[in-house]
Amino acid sequence: MSERTTTAMKPKPDAVAKGEAVIEMKDVSKAFGELKVLSGFTADLLQGENLVVLGKSGSGKSVLIKCIVGLLTYDAGSITVMGEEVSAMERTELSAMRQKVGFLFQSGALYDSMTVRENLMFPLTRIKKELSADEMETKILEVLENVGLANAINKMPSELSGGMRKRISLARTIVVDPNIILYDEPTTGLDPVTSDEISALILEVQKKYKTSSMIITHDLKCAVKVADRILMLNDGKVHLLGTPKEFEQSEDELVSSFFN
Amino acid sequence: MGAELGSMRVTEQIDAMEVSSTNPVRFLVVTRVLAAILMIPLLTLYADALGIMGSWAGANLKGDVGFTLFMAQAFKYVDFTDLMPAIIKTFFFGAVIGIVGCYKGYHAGSGTESVGKAANSAVVLASLLVIIIDMIAVQITDMLAL
């Protein structure tokens with residue numbers, strides 16, 4: 001592992017000062033056997049912001065957000081979600097935390113034996129138990145309209161295109177009104193037009209549902225479009241942190257290799 | 001079961017359940033194991049009935065044996081104590097098939113290759129365990145002189 005100096009930029013206060021940290025990650029380390037994926041990673045996700053995490057394949061971006069929701073355990077350091085330490089959570093506490101944190105999977109992860117309606121009903125019946133059946137149906141229709149796929153309500157996932165799957169998956173994520181959304185490569189595998197639509201949707205969701213989001217992506221166009229701040233992950237730690245403009249103007253070798 | 005849960009693991013559907021505050025073991029594994037425990041004995045009885053009907057059909061290929069006569073002769077030498085151990089052990093077969101299938105699928109690795117491996121190893125291990133349980137059942141039946 002190289003001894004590259006971390007050159008974290010101080011973000012412009014007016015660009016990021018939307019609120020206090022909703023997720024705080026401090027000196028997080030994670031290794032799979034001999035392979036160190038995260039090594040002293042430190043960063044915060046602020047209330048109401050879109051934080052884009054960039055990095056090469058295998059740099060630990062997806063591992064990071066899986067550690068945040070407790071799908072993976074980290075070896076050292078601390079991750080707190082809304083003030084609660086993830087590693088100290090019991091199953092019930094983890095479950096309560098996950099009700100506030102939505103996760104959009106890279107593959108969409110739609111339940112292939114269920115229709116779109118059933119896919120959206122699944123988290124609703126578990127997280128929003130107080131809603132009546134009619135209220136749930138209304139909620140499902142509302143979020144499907146928000147992602148522009150109300151007509152797909154009775155379709156099976158196998159009948160949907162890649163872009164439609166991502167949209168339905170996003171609908172399933174927002175149907176339970178999460179405070180935070182973690183996007184794992186939301187535009188990967190999509191054509192440029194659909195990628196743009198998904199990026200626009202991410203901004204719409206942030207605006208409409210007042211969410212804080214962490215977006216893992218390789219798609220620079222998406223990153224620049226949706227980000228309040230961009231974080232570059234390299235060698236398991238923060239290589240650079242700044243606004244999209246600062247990244248575009250950066251002369252850092254790794255950043256340049258991404259942006260040019 | 002191994003292939004189904006394996007493909008759910010590979011496509012992150014099991015992770016999606018976890019982040020939806022659902023216990024995937026309870027939702028996916030427990031239900032399947034219970035279904036296997038209940039259904040394998042019924043499937044066994046169904047297979048036994050088909051076997052008897054096949055025997056009757058086989059007997060009629062060369063001879064002329066009436067159904068009533070065949071059944072009377074067939075069950076003349078079979079009594080309740082023959083039937084019970086044979087049925088009881090199938091509950092254990094069902095448990096083993098369900099647990100092994102779900103375990104292998106649930107713990108499948110990443111990539112589509114893992115689905116095939118999970119399904120294959122589930123069949124091999126479950127078959128082996130069914131043979132072992134059958135052997136143990138025979139020993140117990142003998143000891144109890146049933």
# chains A, B, ... in the order shown; residues from 1 in each chain; ligands from 1

call {"tool": "interface_residues", "arguments": {"of": "chain A", "to": "chain B", "cutoff": "7 Å", "atoms": "only C-alpha atoms", "output": "PyMOL selection string"}}
result
chain A and resi 95+98-99+107+109-111+123+126

call {"tool": "residues_around", "arguments": {"residues": "Val205 of chain A", "least_positions_apart": "5", "cutoff": "9 Å", "atoms": "only C-alpha atoms", "output": "count of residues only"}}
result
5

call {"tool": "atom_distance", "arguments": {"atom1": "atom CA of Trp56 of chain B", "atom2": "atom CA of Phe92 of chain B"}}
result
29.7 Å

call {"tool": "residues_around", "arguments": {"residues": "segment 30-37 of chain A", "least_positions_apart": "4", "cutoff": "6 Å", "atoms": "only C-alpha atoms", "output": "list in words"}}
result
Gly60, Tyr74, Asp75 and Gly236 of chain A

call {"tool": "residues_around", "arguments": {"residues": "segment 243-252 of chain A", "least_positions_apart": "4", "cutoff": "6 Å", "atoms": "only C-alpha atoms", "output": "PyMOL selection string"}}
result
chain A and resi 224+229-230+256

call {"tool": "residues_around", "arguments": {"residues": "Glu24 of chain A", "least_positions_apart": "5", "cutoff": "8 Å", "atoms": "only C-alpha atoms", "output": "list in words"}}
result
Thr42, Ala43, Asp44, Leu45, Ser78, Ile79, Thr80 and Val81 of chain A

call {"tool": "residues_around", "arguments": {"residues": "Arg167 of chain A", "least_positions_apart": "3", "cutoff": "6 Å", "atoms": "only C-alpha atoms", "output": "mmCIF file with N, CA and C atoms, in the first residue's frame"}}
result
data_model
loop_
_atom_site.group_PDB
_atom_site.id
_atom_site.type_symbol
_atom_site.label_atom_id
_atom_site.label_comp_id
_atom_site.auth_asym_id
_atom_site.auth_seq_id
_atom_site.Cartn_x
_atom_site.Cartn_y
_atom_site.Cartn_z
ATOM 1 N N VAL A 147 -41.619 7.916 -9.386
ATOM 2 C CA VAL A 147 -40.542 7.372 -10.232
ATOM 3 C C VAL A 147 -41.034 7.126 -11.661
ATOM 4 N N MET A 164 -35.915 0.432 -15.453
ATOM 5 C CA MET A 164 -37.179 0.319 -14.698
ATOM 6 C C MET A 164 -36.942 -0.373 -13.351
ATOM 7 N N LEU A 170 -35.707 2.054 -6.331
ATOM 8 C CA LEU A 170 -35.685 3.351 -5.639
ATOM 9 C C LEU A 170 -37.045 3.612 -4.975
#

call {"tool": "closest_residue", "arguments": {"among": "A:Ser132, A:Ser199, A:Ser169, A:Asn179", "to": "Leu149 of chain A", "atoms": "only C-alpha atoms"}}
result
A:Ser169

call {"tool": "atom_distance", "arguments": {"atom1": "atom CA of Lys61 of chain A", "atom2": "atom CA of Leu124 of chain A"}}
result
28.1 Å

call {"tool": "select_by_dssp", "arguments": {"residues": "segment 55-220 of chain A", "states": "alpha helix (DSSP H)", "output": "number ranges by chain"}}
result
A: 61-68, 91-98, 116-127, 133-146, 162-174, 192-209, 220

call {"tool": "residues_around", "arguments": {"residues": "Thr90 of chain B", "least_positions_apart": "6", "cutoff": "9 Å", "atoms": "only C-alpha atoms", "output": "PyMOL selection string"}}
result
chain B and resi 37+40-42+44+130+134

call {"tool": "write_last_selection", "arguments": {"atoms": "C-alpha atoms", "output": "PDB file, in the first residue's frame"}}
result
ATOM      1  CA  ILE B  37     -40.840 -31.665   7.197  1.00  0.00           C
ATOM      2  CA  ILE B  40     -41.728 -35.188   2.456  1.00  0.00           C
ATOM      3  CA  PRO B  41     -43.842 -37.761   4.421  1.00  0.00           C
ATOM      4  CA  LEU B  42     -46.814 -36.999   2.165  1.00  0.00           C
ATOM      5  CA  THR B  44     -43.317 -40.622   0.431  1.00  0.00           C
ATOM      6  CA  VAL B 130     -30.728 -39.348   4.173  1.00  0.00           C
ATOM      7  CA  ASP B 134     -32.066 -44.457   7.036  1.00  0.00           C
TER       8      ASP B 134
END
